[in-house]
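Peer 1: I am attaching a structure below and will ask some questions about it afterwards.
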Amino acid sequence: MKKGRDFLKPIRRGLFTLHNPTPQMDLSERYRYKPILRWNPQVEEYFIKAYGADHFSRISKALTTPSCYSCIRVNTLKSTSDAVIEKLLAIIKQTGFGNDIDGIHLRKSDAYADFDMGQKQKSLSKESKVYQDVDGCSKAELSPFEDANHLKESLQSGLISKCRLPGLDYVVFVRGSGPHTIEYGYACDKPPKEVIVSRKCAEAVLRGAQVFVPGVLACSAHVEKGDVVAVSVAVEQPGLDGGWGTGITRGTVLQGLQTDPHYFERNGLYIGQGTTMMSRAGIFRVPEGIAVDMNNRVYKLPSFNDVLEGEIFLQNLPSIITAHALDAQQGERILDMCAAPGGKTTAIAILMKDDGEVVAVDRSHNKVLDIQNLAAEMGLSCITTYKLDALKAVCRRNESNDMITLCCNKDNEGLSIQSSDSPRLHMEKVSSISKEGLNADKACTENVCSEKVNPRIYVSKAETRKNIRRMRNGPGRNQCVGGRVENIKGFSLNSFDRVLLDAPCSALGLRPRLFAGEETIQSLRNHGKYQRRMFDQAVQLVRPGGVIVYSTCTINPGENEALVRYALDTYKFLSLASQHPRIGGPGIVGHCEFPDGYIEEWLRPGEDELVQRFDPSSPLDTIGFFIAKFNVGPKDA
C-alpha cells in the first residue's frame, strides 16, 4: 500500500501543477542564449581584486561566447596562404556557409579584404591603467593592445583574409557571425520539441561542431528522425553535498513542463535549432554518430574538421604568437614540454623550415601518438617525440651515464636507440635473425642462450619467454611503425637552445565556457605549485644564452604573473625579454593578500610591458592567454 502511495505522489504533483500553474514567464526570455558564468565565490572575489569588478564582469561575459572568427595556420612547407584561401573559398561556397554571414557575398576579392578593427579600437586609450586598491591588491582595467592596430589590415569586411602583421602572413582568418536570434516556434500551450546536451557538447557546438550521440542527456518524447528540435544545455548546479552536478539521468524524457529537470535553470541557455538525424530511441541506443544536425545556430562558425589535412591547422592566435616569441632558429635544438596535441610543436618546426631538432614530450602515450600523427600529416621530419613526465625532464646522473653508453652502442652497432628503456633495443638486435615457425624459435633460443653465457647479465625465465613470443609473433601494436612511443628517462643539463613550457593550467581563458565553479582558491594555488616545479625543470635543461618561453591559457594571475615573479626572484640569471610580434596587452602589477595571510606577488613596474596578456574581453576577441619570455644568462654568476 505504501508503494502505491509513493507511486502516486509524482502524478499528484503533476496534476497539482496543471490545475495550479505558476505565473507564466516571458518565453522570449527563456528561449535565447544569455548565460551567466558561475564562479566559486572566493575565486570570484580574488579575480575582482585583480581586475576590478567592471573589468572582470566583461571578462566573464566574453568567456561565455566564442570568438567571432576562426584562425588558421598554413603549413608553408606544403602550401601558401593564397592557395589555401582559394581552396577554402571553394569549400565554403559549396557548403553555403558564406550565405549565413551578415552581408557577405562570396567573391574572389573577399579573400583579400581588410580586417578593420578600428571601430573597436577607438575606445581604447594609449596607456594601460593599472592602480593600487586600498588593500594593496592590484587592479587592471581593460588593457589596450598598442600594437594591435597592425591587425586592422586583416579581416572584418571580408569572409576570408590573410593576416598582414609582418611575419604572420601565413595566418588566415575566417569570419563567423553571431549572436543570432532563433525562432524556436514556442507557444504557451505547445513548447517545442527539445534536446538537452551536456555542457562540453554545447561548448563544442558553439565553436561549430554538430551534436553527437554521447553529448545528448535528455530528449522530448516522440522525437523521430527529421524532427526540428530546440537544443539547450544542462549546466552544473550546486548539490546538497557542496559539489556540482547536472542531476540529469541520461535518457530522461522531457515533457516541456516546469516539472522537467532544471527547467528554470535552462532559461537563456538555448544554443540553436537543428534536425534530428535519428529517433529518440536511436539516440539512446547507439554509441556514436550525429544526433542533431545544427542548421540554425546562435553563433555560426565554419567547421574545419578533415579539411585540407596537412595544409592547415586550426589554432588560436595567441598560440601562434607563442611559437613566434620563442624565435627558434634553423639548426637549433628545441624542447617543447607538455607538447600535446602538437600545434605549437609543428608551428615551431615550420618556422625553423624543418631544419634542426624539435623534441616534443608528453606523459600520455596516446597524446604522443597524436603529436607523431600530426607531424607526419604535415610532412615534418625534425620532430622527435618521447613519452615523459615534464616533472621528471632532467635525468639523474646515473641515468645520464646509461644514455651515454647507449649512444656509444648506437654508434658501434648501428642501433637507432634513443633511450635506455626503448623497446627498439631488443627488436632491432634480433630482427636480423627472426624467421618464421621453428626457425624463429630456434634462433630465439640460441640468442637467449648466448645472453645467458655472460654471467654478469641475469635474464629471468619470464623475460626469456616474452622475448621468444616477440620473435615468433613480431612486434606488438605499440612497437609497430606508427604505434610505437619512445620512453626516455630525461635529458642532460643545458642540452637545449630554447625551451617552450606551455604549462598545464586551470584553462580559465578558454572560450566558450559555460561553467567555472569547479575551481577553488586551493586548486588555483595547486596549479601554480605544479607549474613552478615544471619551470624548475625547464631552467635546468636550457643552456646559458638560451631562451625559455612560458605560456598558459588562463586568466589567473597566480599562474601567470606570480610564476614570472617566482622565476625572477629564484633564478637571478633569468631576465624578461621583449617579444615579437607584440599584440597582447601588459601584465598585472602589484600583489594580492588572501584572508589566510598568504601574499601572492605579481609583476613590478616595468616588467608588465615585457609580457603579453590576451584579454578575452578585448577588441582582439581571443581566448584568455599569457606569454612570458626569459633570456638565460650565465648560470654560474
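Chain labels A, B, ... are given in the sequence in which chains occur in the C-alpha cells; within each chain residues are numbered consecutively from 1, and ligands are likewise numbered from 1 in the order shown.
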Applying 7 Å and only C-alpha atoms, which residues near range 217-224 of chain A remain after dropping the ones on its own chain fewer than 3 positions away? List them as a ChimeraX atom specification.
Peer 2: /A:193-198,227,249-255,278-280
Peer 1: Name the residues in contact with Val564 in chain A at a cut-off of 9 Å, using only C-alpha atoms, excluding same-chain residues fewer than 5 positions from it; report them as JSON, numbers by chain.
Peer 2: {"A": [550, 559, 569, 576, 602, 603, 628]}
Peer 1: Any idea what's packed within 8 Å of Thr276 in chain A, counting only C-alpha atoms, ignoring anything in its chain fewer than 6 positions away? Could you give it as a list in words?
Peer 2: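 So the residues in contact are Glu224, Lys225, Gly226, Asp227, Val228, Val229, Ala291, Val292 and Asp293 of chain A.
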Peer 1: Between A:Phe614, A:Tyr33, A:Trp244, A:Tyr263, which is the closest to Leu510 in chain A once you count only C-alpha atoms?
Peer 2: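 With only C-alpha atoms as the atom set, the closest residue is A:Phe614.
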Peer 1: Between A:Leu27, A:Gln42, A:Leu380, A:Val361, which is the closest to Ser523 in chain A once you count only C-alpha atoms?
Peer 2: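 Ranking A:Leu27, A:Gln42, A:Leu380, A:Val361 by distance to Ser523 in chain A, first place goes to A:Gln42.
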Peer 1: Which residues of range 247-324 of chain A sit at most 12 Å from range 335-355 of chain A, using only C-alpha atoms? Give each one's shortest atom pair and distance in Å (one decimal place), in chain and ascending residue order, as a Markdown table.
Peer 2:
```
| residue | atom | partner | partner_atom | distance |
| --- | --- | --- | --- | --- |
| A:Gly310 | CA | A:Thr346 | CA | 10.8 |
| A:Glu311 | CA | A:Ile350 | CA | 11.6 |
| A:Ile312 | CA | A:Gly343 | CA | 10.7 |
| A:Phe313 | CA | A:Gly343 | CA | 7.5 |
| A:Leu314 | CA | A:Gly343 | CA | 8.6 |
| A:Gln315 | CA | A:Gly343 | CA | 7.1 |
| A:Asn316 | CA | A:Gly343 | CA | 9.7 |
| A:Leu317 | CA | A:Lys344 | CA | 11.1 |
| A:Pro318 | CA | A:Lys344 | CA | 10.5 |
| A:Ser319 | CA | A:Lys344 | CA | 6.7 |
| A:Ile320 | CA | A:Lys344 | CA | 7.0 |
| A:Ile321 | CA | A:Lys344 | CA | 9.6 |
| A:Thr322 | CA | A:Lys344 | CA | 7.7 |
| A:Ala323 | CA | A:Ile348 | CA | 5.6 |
| A:His324 | CA | A:Ile348 | CA | 7.6 |
```
Peer 1: Need to verify the contact set: range 489-505 of chain A, 9 Å, only C-alpha atoms, exclusion of same-chain residues closer than 2 positions in sequence. Can you return it as a PyMOL selection string?
Peer 2: chain A and resi 322-323+326-328+332-339+344+388-390+392-397+399-400+403+419-421+487+507-508+524+527-528+530-531+534-535+538-554+559
Peer 1: Measuring between only C-alpha atoms, which one of A:Gly208, A:Gly256, A:Gly215, A:Gly331 shows the shortest distance to Phe304 in chain A?
Peer 2: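 Nearest candidate to Phe304 in chain A out of A:Gly208, A:Gly256, A:Gly215, A:Gly331: A:Gly208.
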Peer 1: How far is it from CA of Phe284 in chain A to CA of Phe264 in chain A, in Å with one decimal?
Peer 2: 24.5 Å
